[in-house]
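Shown here: model-v7.txt, compact mmCIF, N, CA and C atoms.
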# COMPACT_ATOMS: atom_id res chain seq x y z
N MET A 1 93.46 92.36 100.51
CA MET A 1 94.42 92.50 99.44
C MET A 1 95.39 93.63 99.77
N ILE A 2 96.66 93.40 99.54
CA ILE A 2 97.68 94.39 99.85
C ILE A 2 97.76 95.43 98.74
N ASN A 3 97.73 96.68 99.13
CA ASN A 3 97.91 97.80 98.19
C ASN A 3 99.41 98.12 98.16
N TRP A 4 100.11 97.65 97.13
CA TRP A 4 101.56 97.78 97.09
C TRP A 4 102.01 99.23 96.94
N GLY A 5 101.20 100.07 96.33
CA GLY A 5 101.53 101.49 96.26
C GLY A 5 101.60 102.11 97.65
N LYS A 6 100.63 101.72 98.49
CA LYS A 6 100.62 102.22 99.87
C LYS A 6 101.78 101.64 100.67
N VAL A 7 102.12 100.39 100.42
CA VAL A 7 103.25 99.77 101.12
C VAL A 7 104.54 100.54 100.83
N TRP A 8 104.79 100.82 99.55
CA TRP A 8 106.02 101.53 99.18
C TRP A 8 106.02 102.95 99.71
N SER A 9 104.89 103.62 99.64
CA SER A 9 104.79 104.98 100.15
C SER A 9 105.06 105.01 101.65
N ASP A 10 104.39 104.14 102.39
CA ASP A 10 104.59 104.09 103.85
C ASP A 10 106.01 103.67 104.20
N PHE A 11 106.57 102.75 103.44
CA PHE A 11 107.95 102.31 103.65
C PHE A 11 108.92 103.49 103.59
N PHE A 12 108.78 104.32 102.56
CA PHE A 12 109.69 105.45 102.41
C PHE A 12 109.43 106.54 103.45
N ILE A 13 108.19 106.65 103.92
CA ILE A 13 107.90 107.62 104.98
C ILE A 13 108.61 107.20 106.27
N PHE A 14 108.53 105.92 106.61
CA PHE A 14 109.22 105.43 107.81
C PHE A 14 110.74 105.47 107.64
N LEU A 15 111.21 105.12 106.45
CA LEU A 15 112.65 105.13 106.18
C LEU A 15 113.20 106.56 106.24
N ALA A 16 112.38 107.54 105.83
CA ALA A 16 112.81 108.94 105.90
C ALA A 16 113.12 109.33 107.35
N LEU A 17 112.25 108.93 108.26
CA LEU A 17 112.48 109.25 109.67
C LEU A 17 113.70 108.52 110.22
N THR A 18 113.79 107.24 109.96
CA THR A 18 114.88 106.47 110.56
C THR A 18 116.24 106.87 110.00
N SER A 19 116.31 107.19 108.71
CA SER A 19 117.61 107.62 108.16
C SER A 19 117.98 109.00 108.69
N ASN A 20 117.00 109.84 108.89
CA ASN A 20 117.26 111.17 109.44
C ASN A 20 117.75 111.08 110.88
N VAL A 21 117.10 110.27 111.69
CA VAL A 21 117.52 110.08 113.08
C VAL A 21 118.91 109.44 113.12
N GLY A 22 119.19 108.55 112.17
CA GLY A 22 120.53 107.95 112.10
C GLY A 22 121.60 109.00 111.91
N PHE A 23 121.33 109.98 111.05
CA PHE A 23 122.31 111.06 110.86
C PHE A 23 122.47 111.90 112.12
N ILE A 24 121.35 112.21 112.77
CA ILE A 24 121.40 113.05 113.97
C ILE A 24 122.31 112.43 115.02
N PHE A 25 122.24 111.12 115.17
CA PHE A 25 123.04 110.47 116.20
C PHE A 25 124.45 110.10 115.75
N SER A 26 124.66 109.93 114.45
CA SER A 26 126.00 109.51 113.99
C SER A 26 126.83 110.63 113.40
N ASN A 27 126.17 111.69 112.90
CA ASN A 27 126.85 112.78 112.18
C ASN A 27 127.69 112.25 111.02
N ASP A 28 127.26 111.14 110.45
CA ASP A 28 127.97 110.53 109.33
C ASP A 28 127.49 111.18 108.03
N PRO A 29 128.40 111.68 107.19
CA PRO A 29 127.97 112.35 105.96
C PRO A 29 127.19 111.44 105.01
N TYR A 30 127.54 110.15 104.97
CA TYR A 30 126.80 109.23 104.10
C TYR A 30 125.36 109.06 104.58
N GLN A 31 125.19 109.08 105.89
CA GLN A 31 123.83 108.98 106.45
C GLN A 31 123.01 110.21 106.08
N LEU A 32 123.64 111.37 106.03
CA LEU A 32 122.93 112.58 105.62
C LEU A 32 122.51 112.49 104.15
N ILE A 33 123.38 111.98 103.30
CA ILE A 33 123.05 111.82 101.89
C ILE A 33 121.86 110.87 101.74
N VAL A 34 121.88 109.77 102.48
CA VAL A 34 120.76 108.82 102.44
C VAL A 34 119.49 109.49 102.93
N ALA A 35 119.58 110.27 104.01
CA ALA A 35 118.40 110.93 104.56
C ALA A 35 117.80 111.90 103.54
N VAL A 36 118.64 112.69 102.88
CA VAL A 36 118.14 113.63 101.87
C VAL A 36 117.48 112.87 100.73
N GLY A 37 118.15 111.84 100.23
CA GLY A 37 117.61 111.07 99.10
C GLY A 37 116.29 110.39 99.42
N VAL A 38 116.22 109.76 100.58
CA VAL A 38 115.00 109.05 100.97
C VAL A 38 113.86 110.04 101.20
N ASN A 39 114.14 111.18 101.81
CA ASN A 39 113.11 112.19 102.01
C ASN A 39 112.58 112.72 100.68
N LEU A 40 113.46 112.92 99.71
CA LEU A 40 113.01 113.37 98.39
C LEU A 40 112.13 112.32 97.71
N ILE A 41 112.49 111.04 97.84
CA ILE A 41 111.67 109.97 97.28
C ILE A 41 110.30 109.93 97.96
N ALA A 42 110.30 110.06 99.30
CA ALA A 42 109.04 110.07 100.04
C ALA A 42 108.16 111.23 99.60
N THR A 43 108.77 112.38 99.32
CA THR A 43 108.01 113.53 98.86
C THR A 43 107.37 113.26 97.51
N VAL A 44 108.13 112.69 96.60
CA VAL A 44 107.60 112.38 95.26
C VAL A 44 106.45 111.39 95.36
N LEU A 45 106.57 110.40 96.23
CA LEU A 45 105.51 109.40 96.39
C LEU A 45 104.24 110.01 96.98
N LYS A 46 104.37 111.09 97.74
CA LYS A 46 103.20 111.72 98.35
C LYS A 46 102.41 112.56 97.35
N PHE A 47 103.02 112.92 96.22
CA PHE A 47 102.31 113.74 95.24
C PHE A 47 101.07 113.05 94.69
N GLY A 48 101.11 111.75 94.45
CA GLY A 48 99.98 111.05 93.87
C GLY A 48 99.08 110.39 94.88
N ALA A 49 99.30 110.66 96.16
CA ALA A 49 98.55 109.97 97.21
C ALA A 49 97.10 110.40 97.23
N LYS A 50 96.22 109.44 97.36
CA LYS A 50 94.79 109.69 97.51
C LYS A 50 94.41 109.35 98.95
N LYS A 51 94.78 110.24 99.85
CA LYS A 51 94.55 109.99 101.26
C LYS A 51 93.78 111.14 101.87
N ILE A 52 93.28 110.91 103.06
CA ILE A 52 92.53 111.93 103.78
C ILE A 52 93.42 113.13 104.06
N PHE A 53 94.63 112.87 104.51
CA PHE A 53 95.57 113.93 104.87
C PHE A 53 96.63 114.16 103.81
N SER A 54 96.27 114.06 102.54
CA SER A 54 97.25 114.20 101.46
C SER A 54 98.00 115.52 101.52
N ALA A 55 97.27 116.60 101.69
CA ALA A 55 97.91 117.92 101.72
C ALA A 55 98.84 118.06 102.92
N GLU A 56 98.40 117.56 104.06
CA GLU A 56 99.22 117.66 105.26
C GLU A 56 100.47 116.79 105.15
N LEU A 57 100.31 115.59 104.59
CA LEU A 57 101.46 114.71 104.41
C LEU A 57 102.47 115.31 103.44
N LEU A 58 102.00 115.91 102.37
CA LEU A 58 102.90 116.57 101.43
C LEU A 58 103.58 117.77 102.08
N ALA A 59 102.84 118.52 102.88
CA ALA A 59 103.43 119.67 103.57
C ALA A 59 104.55 119.24 104.52
N THR A 60 104.33 118.17 105.27
CA THR A 60 105.39 117.72 106.19
C THR A 60 106.61 117.23 105.41
N ALA A 61 106.38 116.61 104.26
CA ALA A 61 107.51 116.15 103.44
C ALA A 61 108.30 117.34 102.90
N LEU A 62 107.60 118.37 102.45
CA LEU A 62 108.29 119.55 101.95
C LEU A 62 109.06 120.26 103.05
N VAL A 63 108.50 120.31 104.25
CA VAL A 63 109.21 120.91 105.38
C VAL A 63 110.50 120.13 105.66
N ALA A 64 110.39 118.80 105.67
CA ALA A 64 111.58 117.98 105.91
C ALA A 64 112.64 118.22 104.83
N ASP A 65 112.20 118.28 103.57
CA ASP A 65 113.14 118.54 102.48
C ASP A 65 113.81 119.89 102.62
N LEU A 66 113.01 120.90 102.98
CA LEU A 66 113.55 122.25 103.11
C LEU A 66 114.40 122.43 104.37
N HIS A 67 114.43 121.43 105.22
CA HIS A 67 115.38 121.41 106.33
C HIS A 67 116.63 120.61 105.95
N LEU A 68 116.44 119.48 105.28
CA LEU A 68 117.57 118.60 105.01
C LEU A 68 118.49 119.10 103.90
N ILE A 69 117.94 119.72 102.89
CA ILE A 69 118.81 120.21 101.80
C ILE A 69 119.76 121.30 102.30
N PRO A 70 119.28 122.33 103.01
CA PRO A 70 120.24 123.29 103.58
C PRO A 70 121.17 122.65 104.61
N SER A 71 120.66 121.66 105.33
CA SER A 71 121.50 120.95 106.28
C SER A 71 122.69 120.29 105.58
N ALA A 72 122.43 119.67 104.44
CA ALA A 72 123.52 119.03 103.69
C ALA A 72 124.51 120.08 103.17
N ILE A 73 123.99 121.20 102.69
CA ILE A 73 124.88 122.25 102.19
C ILE A 73 125.77 122.78 103.31
N LEU A 74 125.17 123.06 104.46
CA LEU A 74 125.96 123.56 105.59
C LEU A 74 126.95 122.51 106.10
N TYR A 75 126.51 121.26 106.14
CA TYR A 75 127.38 120.20 106.68
C TYR A 75 128.59 119.96 105.78
N PHE A 76 128.37 119.86 104.48
CA PHE A 76 129.47 119.54 103.57
C PHE A 76 130.37 120.74 103.30
N SER A 77 129.87 121.95 103.48
CA SER A 77 130.73 123.11 103.32
C SER A 77 131.46 123.43 104.63
N GLN A 78 131.14 122.72 105.70
CA GLN A 78 131.75 122.90 107.02
C GLN A 78 131.58 124.32 107.54
N ILE A 79 130.54 125.01 107.08
CA ILE A 79 130.30 126.38 107.53
C ILE A 79 129.77 126.38 108.97
N HIS A 80 128.76 125.56 109.19
CA HIS A 80 128.13 125.55 110.52
C HIS A 80 127.52 124.17 110.75
N VAL A 81 128.33 123.26 111.24
CA VAL A 81 127.91 121.86 111.41
C VAL A 81 126.81 121.73 112.45
N GLN A 82 126.89 122.51 113.53
CA GLN A 82 125.84 122.42 114.56
C GLN A 82 124.49 122.85 114.00
N LEU A 83 124.48 123.87 113.17
CA LEU A 83 123.23 124.30 112.55
C LEU A 83 122.70 123.22 111.61
N ALA A 84 123.60 122.54 110.91
CA ALA A 84 123.20 121.45 110.02
C ALA A 84 122.49 120.35 110.81
N VAL A 85 123.02 120.00 111.95
CA VAL A 85 122.39 118.97 112.79
C VAL A 85 121.06 119.49 113.33
N GLY A 86 121.01 120.76 113.69
CA GLY A 86 119.76 121.36 114.16
C GLY A 86 118.68 121.32 113.09
N LEU A 87 119.05 121.61 111.85
CA LEU A 87 118.08 121.52 110.74
C LEU A 87 117.62 120.08 110.54
N ALA A 88 118.53 119.13 110.71
CA ALA A 88 118.15 117.71 110.59
C ALA A 88 117.16 117.32 111.69
N ILE A 89 117.33 117.90 112.86
CA ILE A 89 116.38 117.63 113.95
C ILE A 89 115.01 118.20 113.58
N GLY A 90 114.99 119.39 112.98
CA GLY A 90 113.72 119.96 112.52
C GLY A 90 113.05 119.08 111.49
N ALA A 91 113.84 118.51 110.58
CA ALA A 91 113.30 117.59 109.58
C ALA A 91 112.74 116.33 110.25
N ALA A 92 113.41 115.87 111.30
CA ALA A 92 112.93 114.68 112.01
C ALA A 92 111.58 114.97 112.68
N VAL A 93 111.41 116.18 113.20
CA VAL A 93 110.12 116.55 113.79
C VAL A 93 109.02 116.51 112.73
N ALA A 94 109.32 117.04 111.55
CA ALA A 94 108.35 116.99 110.45
C ALA A 94 108.04 115.55 110.07
N ASN A 95 109.06 114.68 110.07
CA ASN A 95 108.84 113.27 109.75
C ASN A 95 107.99 112.58 110.81
N VAL A 96 108.18 112.94 112.07
CA VAL A 96 107.37 112.36 113.15
C VAL A 96 105.91 112.78 112.98
N ILE A 97 105.68 114.06 112.66
CA ILE A 97 104.31 114.53 112.43
C ILE A 97 103.69 113.78 111.26
N SER A 98 104.48 113.53 110.22
CA SER A 98 103.99 112.77 109.07
C SER A 98 103.56 111.37 109.48
N ILE A 99 104.33 110.73 110.31
CA ILE A 99 103.99 109.37 110.75
C ILE A 99 102.76 109.39 111.66
N ILE A 100 102.64 110.40 112.50
CA ILE A 100 101.43 110.52 113.33
C ILE A 100 100.19 110.67 112.44
N LEU A 101 100.29 111.51 111.41
CA LEU A 101 99.17 111.66 110.47
C LEU A 101 98.87 110.35 109.76
N LEU A 102 99.91 109.63 109.41
CA LEU A 102 99.74 108.34 108.74
C LEU A 102 99.01 107.34 109.64
N ILE A 103 99.36 107.32 110.91
CA ILE A 103 98.70 106.42 111.85
C ILE A 103 97.23 106.81 112.04
N ILE A 104 96.95 108.12 112.15
CA ILE A 104 95.56 108.57 112.27
C ILE A 104 94.77 108.15 111.04
N GLU A 105 95.39 108.30 109.88
CA GLU A 105 94.71 107.90 108.65
C GLU A 105 94.44 106.40 108.61
N MET A 106 95.37 105.60 109.10
CA MET A 106 95.16 104.15 109.15
C MET A 106 93.96 103.81 110.03
N VAL A 107 93.82 104.52 111.14
CA VAL A 107 92.68 104.29 112.03
C VAL A 107 91.38 104.66 111.33
N PHE A 108 91.37 105.81 110.64
CA PHE A 108 90.16 106.21 109.89
C PHE A 108 89.80 105.18 108.83
N GLU A 109 90.79 104.67 108.12
CA GLU A 109 90.53 103.66 107.08
C GLU A 109 89.99 102.38 107.69
N TYR A 110 90.51 101.98 108.85
CA TYR A 110 90.02 100.79 109.52
C TYR A 110 88.57 100.98 109.95
N ILE A 111 88.25 102.15 110.51
CA ILE A 111 86.87 102.42 110.93
C ILE A 111 85.94 102.41 109.72
N ARG A 112 86.39 103.01 108.62
CA ARG A 112 85.56 103.04 107.41
C ARG A 112 85.31 101.62 106.89
N GLU A 113 86.31 100.78 106.90
CA GLU A 113 86.14 99.39 106.46
C GLU A 113 85.18 98.64 107.35
N GLN A 114 85.25 98.90 108.66
CA GLN A 114 84.34 98.23 109.59
C GLN A 114 82.90 98.67 109.36
N GLU A 115 82.72 99.96 109.07
CA GLU A 115 81.37 100.47 108.83
C GLU A 115 80.79 99.92 107.53
N GLU A 116 81.64 99.71 106.52
CA GLU A 116 81.16 99.18 105.26
C GLU A 116 80.75 97.72 105.35
N GLU A 117 81.32 97.00 106.30
CA GLU A 117 80.96 95.59 106.47
C GLU A 117 79.57 95.45 107.07
N TYR A 118 79.10 96.46 107.80
CA TYR A 118 77.80 96.35 108.49
C TYR A 118 76.74 97.05 107.75

Output the structure of this file as structure tokens.
Amino acid sequence: MINWGKVWSDFFIFLALTSNVGFIFSNDPYQLIVAVGVNLIATVLKFGAKKIFSAELLATALVADLHLIPSAILYFSQIHVQLAVGLAIGAAVANVISIILLIIEMVFEYIREQEEEY
């Protein structure tokens, strides 16, 4: 049976990374707005998560948010565009760590399901 809460949560975690990487390569302001919005949604979805790495997943989301929000401020004020892109790269690293944790958790859940069958 599909757990739709997990589907939506995982969807926004992956979308957070891809929208962030899209901004890094395009430097498009609309892409940055999407990246900030999607990361904030992913953070909210992680608050209610009942996962093995819940605290770590929330921490990576907060790190990404705390990189992307100043990145947007710097980018749109044209104060330091290179620093804004650098902060977005830092957020992407946090998103990659989040996805690695998510994959590890999927493996643990699969092992647990296999053990319960026997």

Checklist entry - Hey, what's within 7 Å of segment 42-45 of chain A if we count all atoms listed in the file and toss same-chain stuff fewer than 4 positions away? As a PyMOL selection string, please? => result chain A and resi 9+12-13+37-38+49+58+61-62

Checklist entry - Hey, which of A:Ile79, A:Leu57, A:Leu17, A:Ile73 ends up closest to Ser98 of chain A? Count only N, CA and C atoms. => result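 Of A:Ile79, A:Leu57, A:Leu17, A:Ile73, the one nearest Ser98 of chain A, counting only N, CA and C atoms, is A:Leu57.
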
Item to check | Selected residue, from A:Val107, A:Leu102, A:Leu32, A:Val21, that lies nearest to Thr60 of chain A when counting only C-alpha atoms | outcome: A:Leu102

Next on the checklist: Applying 8 Å and only N, CA and C atoms, which residues near Ala16 of chain A remain after dropping the ones on its own chain fewer than 2 positions away? List them as a ChimeraX atom specification.
Outcome noted: /A:10-14,18-22,34-40,42,91-92,95-96

Item to check | Coordinates-based distance that separates atom N of Ile33 of chain A from atom C of Val81 of chain A (Å, one decimal) | outcome: 13.8 Å

Checklist entry - Between atom CA of Ile24 of chain A and atom CA of Gly86 of chain A, what is the distance, to one decimal in Å? => result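 These atoms are spaced 8.5 Å apart.
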
Checklist entry - In Å, how far is it from atom CA of Pro70 of chain A to atom CA of Val93 of chain A? => result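 About the pair atom CA of Pro70 of chain A and atom CA of Val93 of chain A: they are 15.9 Å apart.
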
Checklist entry - Which of these, A:Leu74, A:Asp28, A:Arg112, A:Glu56, has the shortest distance to Ile97 of chain A once you count all atoms listed in the file? => result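 So, comparing all the options, the nearest one is A:Glu56.
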
Next on the checklist: Please list as a ChimeraX atom specification every residue within 6.5 Å of Leu87 of chain A, counting all atoms listed in the file and excluding residues in the same chain fewer than 5 positions away.
Outcome noted: /A:67-68,71,82,92

Those same residues - N, CA and C atoms - I'd like them written as a compact mmCIF listing (two decimals), in the frame of the given file.
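Writing done, so here's out26.txt:
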# COMPACT_ATOMS: atom_id res chain seq x y z
N HIS A 67 114.43 121.43 105.22
CA HIS A 67 115.38 121.41 106.33
C HIS A 67 116.63 120.61 105.95
N LEU A 68 116.44 119.48 105.28
CA LEU A 68 117.57 118.60 105.01
C LEU A 68 118.49 119.10 103.90
N SER A 71 120.66 121.66 105.33
CA SER A 71 121.50 120.95 106.28
C SER A 71 122.69 120.29 105.58
N GLN A 82 126.89 122.51 113.53
CA GLN A 82 125.84 122.42 114.56
C GLN A 82 124.49 122.85 114.00
N ALA A 92 113.41 115.87 111.30
CA ALA A 92 112.93 114.68 112.01
C ALA A 92 111.58 114.97 112.68
